[in-house]
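One structure below.
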Amino acid sequence: MVEYVHECYFMEVRFNMLSDIEIAQQAELLPVKEIAEKLKIKESELEPYGHYKAKLSDSLMDRLSDKPDGKLILVTAINPTPAGEGKTTTTAGLGQAMAKIGKNAIIALREPSLGPVFGIKGGAAGGGYAQVLPMEDINLHFTGDMHAITAANNLLCAMLDNHMQQGNSLGIDQRRILIKRCLDMNDRALRNVIVGLGGKVNGIPREDHFIITVASEVMAILCLAADIDDLKKRLGNILVAYNYNGEPVYARDLKADGAMTVLLKDAIKPNLVQTLEGTPAIMHGGPFANIAHGCNSVRATKLALKLADYCITEAGFGSDLGAEKFLDIKCRFAGLKPNAIVLVATARALKYNAGINKAECGKPDLDALKKGIVNLGVHIENMRKYKVPVVVAINRFLTDSKEELEYIEQYCKEKGADFALSDVFANGGDGGVELAKKVVEAVEKPSDFEPIYSLDLTVEEKIEAVAKNIYGAKDVAYTTQALKALKEVKSLGADSLPVCIAKTQYSLSDNPALLGAPKDFTITVRNVSLSNGAGFVVVYTGDIMTMPGLPKIPAAEKVDIENEKVVGLF
């Protein structure tokens with residue numbers, strides 16, 4: 001029996017086996033130069049960061065600009081349990097499996113955030129024998145992209161406060177400042193703070209806020225920018241405040257866009273790494289899908305499509321969040337058209353959606369599965385609305401019964417989706433061969449991709465289109481604050497922009513307690529803001545925090561270093 005510990009927290013039984021980090025540390029990595037050679041990347045187009053990771057230069061993107069694109073495969077999931085369903089693991093494993101069946105594939109992923117790494121979720125580089133390496137580097141500082149984004153965002157904040165201190169020639173109203181400082185860490189104590197205390201020389205006292213770096217507009221901009229010039233333009237377009245006359249003040253008005261671009265000149269370049277089996281992987285950008293658009297960068301995906309015949313990418317959380325934003329925001333901006341969608345699920349997560357206690361989800365229970373599988377059904381139907389072929393991948397556990405797996409397969413067939421089991425966590429690429437074959441078949445089918453709404457609609461109509469067609473809501477309600485904010489952002493031309501809805505990942509609704517396939521519910525919009533540089537309207541529903549907090553027992557408590565090796569990272 002292969003020894004492993006599954007990443008899902010529901011599993012109480014351990015199978016005598018190596019942790020993710022132990023597996024990663026025992027792997028023999030290829031020098032990044034050899035990974036580049038697989039993709040026919042010239043040495044001059046590679047900017048190494050050590051032996052096993054590198055930035056990819058602009059000259060590479062220029063050289064490949066006229067090369068035909070490969071096939072684009074999006075990996076998404078059902079509504080996750082608090083532990084996740086193995087979406088990134090499936091993505092990495094599928095990339096490895098494609099190599100097993102002789103296909104030229106590359107994966108394109110987001111970079112992990114330190115907040116979840118040291119909070120509840122842990123790392124985001126896959127797990128078991130389907131990981132992206134070097135695991136410690138990727139989950140910690142990597143190539144410094146997160147730090148550069150944090151610095152650029154906070155430079156803007158510092159220049160704004162300095163402008164007010166030095167005479168405030170723009171007449172910025174300190175009560176109407178929109179830009180927030182950021183930190184790539186879960187720190188609830190910084191959500192609401194007072195700055196400028198300590199006397200006249202220390203600035204203008206005002207209320208301020210911190211958000212996690214991956215929720216910042218600078219992160220969104222980096223991931224959507226086409227090139228360095230587009231990056232600078234978008235940064236300059238960030239709406240930072242209003243003046244005393246109620247007029248907008250942008251980052252370019254503070255003359256901050258140039259310096260911010262300089263801080264991001266290397267961060268905008270995609271990063272090349274590898275899977276545990278040597279499959280090339282590009283990791284770049286990392287916006288959360290529940291509070292941002294949840295996809296890796298446009299530049300990374302476009303480059304991956306030029307470098308291989310198949311580009312396998314993923315979008316955060318369930319398809320109602322990450323996939324919807326990938327399809328309605330990223331694909332629209334970048335002119336991308338996915339050829340297939342892989343929908344990841346687990347039998348235990350479907351039982352969880354039936355209301356089964358976490359501790360009981362690992363036990364065979366066909367009745368609970370039949371009740372909870374409606375969640376999978378909604379996600380299949382939603383993805384088919386985009387007119388793209390769908391393959392359901394069941395991330396299999398040893399505790400899954402034969403009857404349960406057979407029932408899921410039959411259900412998928414009835415819903416018009418292909419089906420495959422995935423054992424990539426335990427068996428690497430070999431455990432994903434069945435899935436890889438189904439995906440290759442799917443991409444050869446017709447794909448007539450269309451976004452779920454037209455940009456000609458009003459902001460309210462776009463929100464309603466997502467809420468009703470994807471979430472299954474009966475209606476949309478607005479708080480007084482949301483209506484006021486909506487009127488304000490629409491006055492700045494927001495009606496022409498797509499919407500990025502911030503919502504809980506645990507339910508199709510805005511209430512995390514409503515599992516399965518809730519019906520006849522109302523989505524409540526509590527606030528609206530304009531990400532003018534990114535190019536979308538952010539719509540806040542439910543109780544979404546843009547600065548998460550640490551749990552009672554943070555994952556950081558288990559992380560340590562022993563004999564010069566990192567331990568406890570997962």
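FYI, nothing fancy with the structure tokens labels: chains A, B, ... in order, residues from 1 per chain, ligands from 1 as they appear.
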Which of stretch 323-548 of chain A fall in strand (DSSP E or B), as number ranges by chain: A: 340-345, 390-395, 418-422, 475-478, 499-502, 522-531, 536-541
Write out the residues from the selection above, keeping C-alpha atoms, as a CSV table (one decimal), in the first residue's frame.
```
chain,number,residue,atom,x,y,z
A,340,ALA,CA,-12.9,22.1,-21.1
A,341,ILE,CA,-13.8,22.5,-17.5
A,342,VAL,CA,-12.8,19.9,-14.8
A,343,LEU,CA,-15.1,20.0,-11.8
A,344,VAL,CA,-13.5,18.4,-8.7
A,345,ALA,CA,-15.6,16.8,-5.9
A,390,VAL,CA,-17.5,19.5,-18.4
A,391,VAL,CA,-15.6,16.5,-16.8
A,392,VAL,CA,-16.2,15.6,-13.2
A,393,ALA,CA,-13.1,14.5,-11.3
A,394,ILE,CA,-13.8,12.6,-8.0
A,395,ASN,CA,-10.8,13.0,-5.7
A,418,ASP,CA,-18.0,13.0,-18.3
A,419,PHE,CA,-16.6,11.3,-15.1
A,420,ALA,CA,-13.3,10.0,-13.9
A,421,LEU,CA,-11.8,8.9,-10.6
A,422,SER,CA,-8.6,10.6,-9.5
A,475,ASP,CA,-33.9,37.9,-5.6
A,476,VAL,CA,-31.2,40.5,-4.8
A,477,ALA,CA,-31.6,43.0,-2.0
A,478,TYR,CA,-29.5,46.1,-1.3
A,499,VAL,CA,-18.8,42.6,-11.5
A,500,CYS,CA,-16.7,40.8,-8.9
A,501,ILE,CA,-18.9,39.4,-6.2
A,502,ALA,CA,-17.4,38.8,-2.7
A,522,THR,CA,-32.2,36.4,-1.4
A,523,ILE,CA,-28.7,37.6,-1.9
A,524,THR,CA,-28.1,40.8,0.1
A,525,VAL,CA,-25.6,43.3,-1.2
A,526,ARG,CA,-24.2,45.2,1.7
A,527,ASN,CA,-21.7,47.4,-0.1
A,528,VAL,CA,-20.2,48.2,-3.5
A,529,SER,CA,-16.8,49.6,-4.4
A,530,LEU,CA,-15.0,50.4,-7.7
A,531,SER,CA,-11.7,48.8,-8.5
A,536,PHE,CA,-14.4,45.8,-12.2
A,537,VAL,CA,-17.0,46.6,-9.6
A,538,VAL,CA,-16.6,44.7,-6.3
A,539,VAL,CA,-19.9,43.7,-4.8
A,540,TYR,CA,-19.8,42.7,-1.1
A,541,THR,CA,-22.4,40.2,0.2
```
Please provide the set of residues having any atom within 6 Å of stretch 425-434 of chain A, restricted to only C-alpha atoms, with same-chain residues fewer than 5 positions apart removed, written as a PyMOL selection string. chain A and resi 93-94+96-97+128-130
As a PyMOL selection string, please: the residues near stretch 109-113 of chain A (cut-off 7 Å, only C-alpha atoms, same-chain neighbours under 4 positions excluded). chain A and resi 117+123-124+138-139+184+214+282-286+295-296+313-314
Surrounding residues of stretch 321-337 of chain A excluding itself and chain neighbours under 5 positions, 6 Å, only C-alpha atoms, as a ChimeraX atom specification: /A:289,293-294,315-316,451
Saved selection, atoms kept: N, CA and C atoms, as a compact mmCIF listing (two decimals), in the first residue's frame:
```txt
# COMPACT_ATOMS: atom_id res chain seq x y z
N ALA A 289 -10.51 34.06 -4.26
CA ALA A 289 -11.72 34.02 -5.08
C ALA A 289 -12.97 34.43 -4.33
N HIS A 293 -10.85 38.15 -7.69
CA HIS A 293 -11.27 37.36 -8.87
C HIS A 293 -10.63 35.98 -8.96
N GLY A 294 -9.74 35.63 -8.04
CA GLY A 294 -9.39 34.23 -7.81
C GLY A 294 -8.68 33.47 -8.91
N ALA A 315 -9.07 27.89 -10.73
CA ALA A 315 -9.67 29.09 -10.15
C ALA A 315 -10.12 28.74 -8.74
N GLY A 316 -9.99 29.69 -7.83
CA GLY A 316 -10.18 29.42 -6.41
C GLY A 316 -11.59 29.01 -6.00
N PRO A 451 -19.74 34.31 -21.92
CA PRO A 451 -19.93 34.77 -20.54
C PRO A 451 -21.41 34.73 -20.16
```
What gap, in Å, lies between atom CA of A:Asp161 and atom CA of A:Arg191?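 One can read the atom CA of A:Asp161 to atom CA of A:Arg191 distance as 18.1 Å.
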Under the rule of at most 12 Å, produce a per-residue listing of stretch 119-214 of chain A near stretch 267-281 of chain A: chain, number, name, the closest pair of atoms, and the distance in Å, as JSON lines, using only C-alpha atoms.
```
{"residue": "A:Ala125", "atom": "CA", "partner": "A:Thr275", "partner_atom": "CA", "distance": 9.1}
{"residue": "A:Gly126", "atom": "CA", "partner": "A:Thr275", "partner_atom": "CA", "distance": 9.2}
{"residue": "A:Gly127", "atom": "CA", "partner": "A:Leu276", "partner_atom": "CA", "distance": 9.9}
{"residue": "A:Gly128", "atom": "CA", "partner": "A:Leu276", "partner_atom": "CA", "distance": 9.5}
{"residue": "A:Tyr129", "atom": "CA", "partner": "A:Leu276", "partner_atom": "CA", "distance": 6.8}
{"residue": "A:Ala130", "atom": "CA", "partner": "A:Leu276", "partner_atom": "CA", "distance": 6.5}
{"residue": "A:Gln131", "atom": "CA", "partner": "A:Thr275", "partner_atom": "CA", "distance": 5.5}
{"residue": "A:Val132", "atom": "CA", "partner": "A:Thr275", "partner_atom": "CA", "distance": 4.1}
{"residue": "A:Leu133", "atom": "CA", "partner": "A:Thr275", "partner_atom": "CA", "distance": 5.6}
{"residue": "A:Pro134", "atom": "CA", "partner": "A:Val273", "partner_atom": "CA", "distance": 7.5}
{"residue": "A:Met135", "atom": "CA", "partner": "A:Leu276", "partner_atom": "CA", "distance": 9.5}
{"residue": "A:Asp137", "atom": "CA", "partner": "A:Val273", "partner_atom": "CA", "distance": 10.4}
{"residue": "A:Ile138", "atom": "CA", "partner": "A:Val273", "partner_atom": "CA", "distance": 9.0}
{"residue": "A:Phe142", "atom": "CA", "partner": "A:Asn271", "partner_atom": "CA", "distance": 9.1}
{"residue": "A:Thr143", "atom": "CA", "partner": "A:Asn271", "partner_atom": "CA", "distance": 7.8}
{"residue": "A:Gly144", "atom": "CA", "partner": "A:Ala267", "partner_atom": "CA", "distance": 7.3}
{"residue": "A:Asp145", "atom": "CA", "partner": "A:Ala267", "partner_atom": "CA", "distance": 4.8}
{"residue": "A:Met146", "atom": "CA", "partner": "A:Ala267", "partner_atom": "CA", "distance": 8.1}
{"residue": "A:His147", "atom": "CA", "partner": "A:Ala267", "partner_atom": "CA", "distance": 9.1}
{"residue": "A:Ala148", "atom": "CA", "partner": "A:Ala267", "partner_atom": "CA", "distance": 6.6}
{"residue": "A:Ile149", "atom": "CA", "partner": "A:Ala267", "partner_atom": "CA", "distance": 7.7}
{"residue": "A:Thr150", "atom": "CA", "partner": "A:Ala267", "partner_atom": "CA", "distance": 11.1}
{"residue": "A:Ala151", "atom": "CA", "partner": "A:Ala267", "partner_atom": "CA", "distance": 11.3}
{"residue": "A:Ala152", "atom": "CA", "partner": "A:Ala267", "partner_atom": "CA", "distance": 10.7}
```
Determine the nearest neighbour of A:Pro446 from the options A:Leu231, A:Leu74, A:Ala368, A:Val388, counting only C-alpha atoms.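 Checking each candidate against A:Pro446, we get A:Val388 as the closest.
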So that I can see what lies close to stretch 256-258 of chain A, please list as a PDB file with C-alpha atoms, in the first residue's frame the residues with an atom at most 12 Å from it, counting only C-alpha atoms and leaving out residues fewer than 5 positions away in the same chain.
```
ATOM      1  CA  ALA A 152       3.553  49.029  -4.004  1.00  0.00           C
ATOM      2  CA  ASN A 153       0.162  49.206  -2.283  1.00  0.00           C
ATOM      3  CA  ASN A 154       1.609  50.671   0.915  1.00  0.00           C
ATOM      4  CA  LEU A 155       3.748  53.177  -0.989  1.00  0.00           C
ATOM      5  CA  LEU A 156       0.526  54.571  -2.435  1.00  0.00           C
ATOM      6  CA  CYS A 157      -0.973  54.795   1.064  1.00  0.00           C
ATOM      7  CA  ALA A 158       2.145  56.506   2.415  1.00  0.00           C
ATOM      8  CA  MET A 159       2.153  59.050  -0.425  1.00  0.00           C
ATOM      9  CA  LEU A 160      -1.520  59.814   0.164  1.00  0.00           C
ATOM     10  CA  ASN A 162       2.128  62.496   3.111  1.00  0.00           C
ATOM     11  CA  HIS A 163       0.223  64.592   0.577  1.00  0.00           C
ATOM     12  CA  VAL A 218      -2.811  46.066  -6.754  1.00  0.00           C
ATOM     13  CA  ILE A 228       4.318  46.894 -18.063  1.00  0.00           C
ATOM     14  CA  ASP A 229       2.664  49.864 -19.792  1.00  0.00           C
ATOM     15  CA  ASP A 230      -0.809  48.515 -19.089  1.00  0.00           C
ATOM     16  CA  LEU A 231       0.286  47.884 -15.491  1.00  0.00           C
ATOM     17  CA  LYS A 232       1.307  51.526 -15.037  1.00  0.00           C
ATOM     18  CA  LYS A 233      -1.916  52.785 -16.596  1.00  0.00           C
ATOM     19  CA  ARG A 234      -4.047  50.576 -14.363  1.00  0.00           C
ATOM     20  CA  LEU A 235      -2.115  51.562 -11.239  1.00  0.00           C
ATOM     21  CA  GLY A 236      -2.629  55.226 -12.098  1.00  0.00           C
ATOM     22  CA  ASN A 237      -6.359  54.593 -12.433  1.00  0.00           C
ATOM     23  CA  ILE A 238      -6.768  53.345  -8.859  1.00  0.00           C
ATOM     24  CA  LEU A 239      -9.482  55.397  -7.146  1.00  0.00           C
ATOM     25  CA  VAL A 240      -7.884  56.329  -3.816  1.00  0.00           C
ATOM     26  CA  VAL A 249      -8.796  61.390  -6.665  1.00  0.00           C
ATOM     27  CA  TYR A 250      -6.699  58.773  -8.461  1.00  0.00           C
ATOM     28  CA  ALA A 251      -3.238  57.329  -7.829  1.00  0.00           C
ATOM     29  CA  LEU A 263       8.376  48.164  -7.482  1.00  0.00           C
ATOM     30  CA  LEU A 264       6.428  45.690  -9.622  1.00  0.00           C
ATOM     31  CA  LYS A 265       8.734  45.541 -12.655  1.00  0.00           C
ATOM     32  CA  GLY A 533      -7.548  50.143 -12.059  1.00  0.00           C
TER      33      GLY A 533
END
```
For each of A:Leu398, A:Leu190, A:Ala556, A:Val374, take the minimum atom-to-atom distance to A:Tyr352, counting only C-alpha atoms, then give the residue where this is smallest.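 Result for the nearest residue to A:Tyr352: A:Val374.
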Set the distance at 8 Å and use only C-alpha atoms: which residues neighbour stretch 514-517 of chain A once local chain neighbours fewer than 5 positions away are removed? I'd like the list as a ChimeraX atom specification. /A:350,353-355,372-375,378,506-509
Keeping N, CA and C atoms for every residue in the selection just given, could you write it to a file as a tab-separated table (two decimals), in the first residue's frame?
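That gives us result.tsv:
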```tsv
chain	number	residue	atom	x	y	z
A	350	LEU	N	-19.68	15.77	-0.57
A	350	LEU	CA	-21.09	15.71	-0.97
A	350	LEU	C	-21.96	15.28	0.20
A	353	ASN	N	-22.46	18.18	2.41
A	353	ASN	CA	-23.51	19.06	1.88
A	353	ASN	C	-24.91	18.55	2.18
A	354	ALA	N	-25.00	17.32	2.68
A	354	ALA	CA	-26.29	16.80	3.14
A	354	ALA	C	-26.51	17.10	4.61
A	355	GLY	N	-25.53	17.76	5.24
A	355	GLY	CA	-25.65	18.11	6.65
A	355	GLY	C	-25.05	17.08	7.59
A	372	GLY	N	-26.89	14.94	-0.67
A	372	GLY	CA	-25.93	16.03	-0.85
A	372	GLY	C	-25.43	16.22	-2.26
A	373	ILE	N	-25.65	15.23	-3.14
A	373	ILE	CA	-25.10	15.30	-4.48
A	373	ILE	C	-25.75	16.40	-5.32
A	374	VAL	N	-26.85	16.97	-4.83
A	374	VAL	CA	-27.49	18.07	-5.55
A	374	VAL	C	-26.53	19.25	-5.70
A	375	ASN	N	-25.58	19.37	-4.76
A	375	ASN	CA	-24.60	20.45	-4.89
A	375	ASN	C	-23.74	20.26	-6.14
A	378	VAL	N	-25.78	21.20	-9.29
A	378	VAL	CA	-25.87	22.64	-9.58
A	378	VAL	C	-24.59	23.12	-10.26
A	506	TYR	N	-18.51	28.68	1.08
A	506	TYR	CA	-19.07	27.42	1.60
A	506	TYR	C	-20.50	27.14	1.14
A	507	SER	N	-21.15	28.12	0.55
A	507	SER	CA	-22.53	27.94	0.11
A	507	SER	C	-22.74	28.64	-1.22
A	508	LEU	N	-23.71	28.15	-1.99
A	508	LEU	CA	-24.10	28.85	-3.21
A	508	LEU	C	-24.76	30.18	-2.87
A	509	SER	N	-25.28	30.30	-1.66
A	509	SER	CA	-25.90	31.53	-1.20
A	509	SER	C	-24.87	32.41	-0.51
```
When you look at A:Asn245 with a cut-off of 12 Å (counting only C-alpha atoms), what residues show up, excluding the ones that are within fewer than 3 positions of it in the same chain? I need them as a ChimeraX atom specification. /A:170-173,176,241-242,248-249
Extract the full set of alpha helix (DSSP H) residues from stretch 286-462 of chain A according to DSSP on the backbone, and format it as a ChimeraX atom specification. /A:298-307,324-325,331-334,347-352,366-372,374-384,402-414,424-427,433-443,459-462
Those residues you just picked out, can you put them in a file as a compact mmCIF listing (two decimals), in the first residue's frame with C-alpha atoms?
```txt
# COMPACT_ATOMS: atom_id res chain seq x y z
CA VAL A 298 -3.40 36.79 -17.57
CA ARG A 299 0.26 36.95 -18.60
CA ALA A 300 0.98 33.53 -17.06
CA THR A 301 -2.00 31.84 -18.71
CA LYS A 302 -1.34 33.40 -22.11
CA LEU A 303 2.31 32.39 -21.94
CA ALA A 304 1.42 28.84 -20.88
CA LEU A 305 -0.91 28.55 -23.88
CA LYS A 306 2.04 29.35 -26.15
CA LEU A 307 4.48 26.99 -24.43
CA GLU A 324 -17.50 32.40 -12.58
CA LYS A 325 -14.90 35.15 -12.21
CA CYS A 331 -11.53 35.41 -20.04
CA ARG A 332 -13.39 38.55 -21.10
CA PHE A 333 -10.40 40.84 -20.49
CA ALA A 334 -7.83 38.47 -21.98
CA ALA A 347 -17.78 11.80 -1.87
CA ARG A 348 -17.28 13.02 1.69
CA ALA A 349 -17.83 16.66 0.71
CA LEU A 350 -21.09 15.71 -0.97
CA LYS A 351 -22.18 13.98 2.24
CA TYR A 352 -21.15 17.10 4.16
CA LEU A 366 -25.28 6.23 0.32
CA ASP A 367 -28.44 7.94 1.54
CA ALA A 368 -26.49 11.03 2.64
CA LEU A 369 -24.62 11.05 -0.66
CA LYS A 370 -27.88 10.99 -2.61
CA LYS A 371 -29.10 13.96 -0.59
CA GLY A 372 -25.93 16.03 -0.85
CA VAL A 374 -27.49 18.07 -5.55
CA ASN A 375 -24.60 20.45 -4.89
CA LEU A 376 -22.57 18.73 -7.59
CA GLY A 377 -25.59 18.86 -9.87
CA VAL A 378 -25.87 22.64 -9.58
CA HIS A 379 -22.18 23.13 -10.37
CA ILE A 380 -22.39 20.87 -13.43
CA GLU A 381 -25.44 22.75 -14.71
CA ASN A 382 -23.81 26.12 -14.04
CA MET A 383 -20.64 25.29 -15.94
CA ARG A 384 -22.63 23.92 -18.86
CA LYS A 402 -17.85 1.19 -4.44
CA GLU A 403 -21.59 1.91 -4.28
CA GLU A 404 -20.97 5.61 -3.59
CA LEU A 405 -18.57 6.00 -6.50
CA GLU A 406 -20.87 4.14 -8.87
CA TYR A 407 -23.77 6.37 -7.84
CA ILE A 408 -21.73 9.55 -8.49
CA GLU A 409 -20.68 8.25 -11.91
CA GLN A 410 -24.28 7.47 -12.90
CA TYR A 411 -25.42 10.87 -11.62
CA CYS A 412 -22.79 12.63 -13.74
CA LYS A 413 -23.87 10.75 -16.85
CA GLU A 414 -27.47 11.81 -16.25
CA VAL A 424 -3.20 11.58 -7.92
CA PHE A 425 -2.65 12.35 -4.23
CA ALA A 426 -1.53 8.79 -3.56
CA ASN A 427 -0.17 7.78 -6.97
CA VAL A 433 -4.41 8.72 -16.32
CA GLU A 434 -8.14 8.01 -16.54
CA LEU A 435 -8.88 11.67 -15.88
CA ALA A 436 -6.30 12.84 -18.41
CA LYS A 437 -7.82 10.67 -21.15
CA LYS A 438 -11.31 12.03 -20.42
CA VAL A 439 -9.99 15.60 -20.50
CA VAL A 440 -8.26 15.05 -23.86
CA GLU A 441 -11.55 13.70 -25.22
CA ALA A 442 -13.44 16.70 -23.80
CA VAL A 443 -11.21 19.35 -25.37
CA VAL A 459 -24.39 46.85 -12.70
CA GLU A 460 -27.61 45.73 -10.99
CA GLU A 461 -28.55 43.53 -13.95
CA LYS A 462 -25.08 41.91 -13.94
```
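Counting only C-alpha atoms and comparing A:Cys182, A:Leu56, A:Ala485, A:Ile101, the residue that lies closest to A:Ile211 is A:Cys182.
You will find atom CA of A:Ala259 at 26.9 Å from atom CA of A:Gly493.
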Closest to A:Ile452 among A:Asn290, A:Asn469, A:Gln165, A:Gln25, using only C-alpha atoms?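 Checking each candidate against A:Ile452, we get A:Asn469 as the closest.
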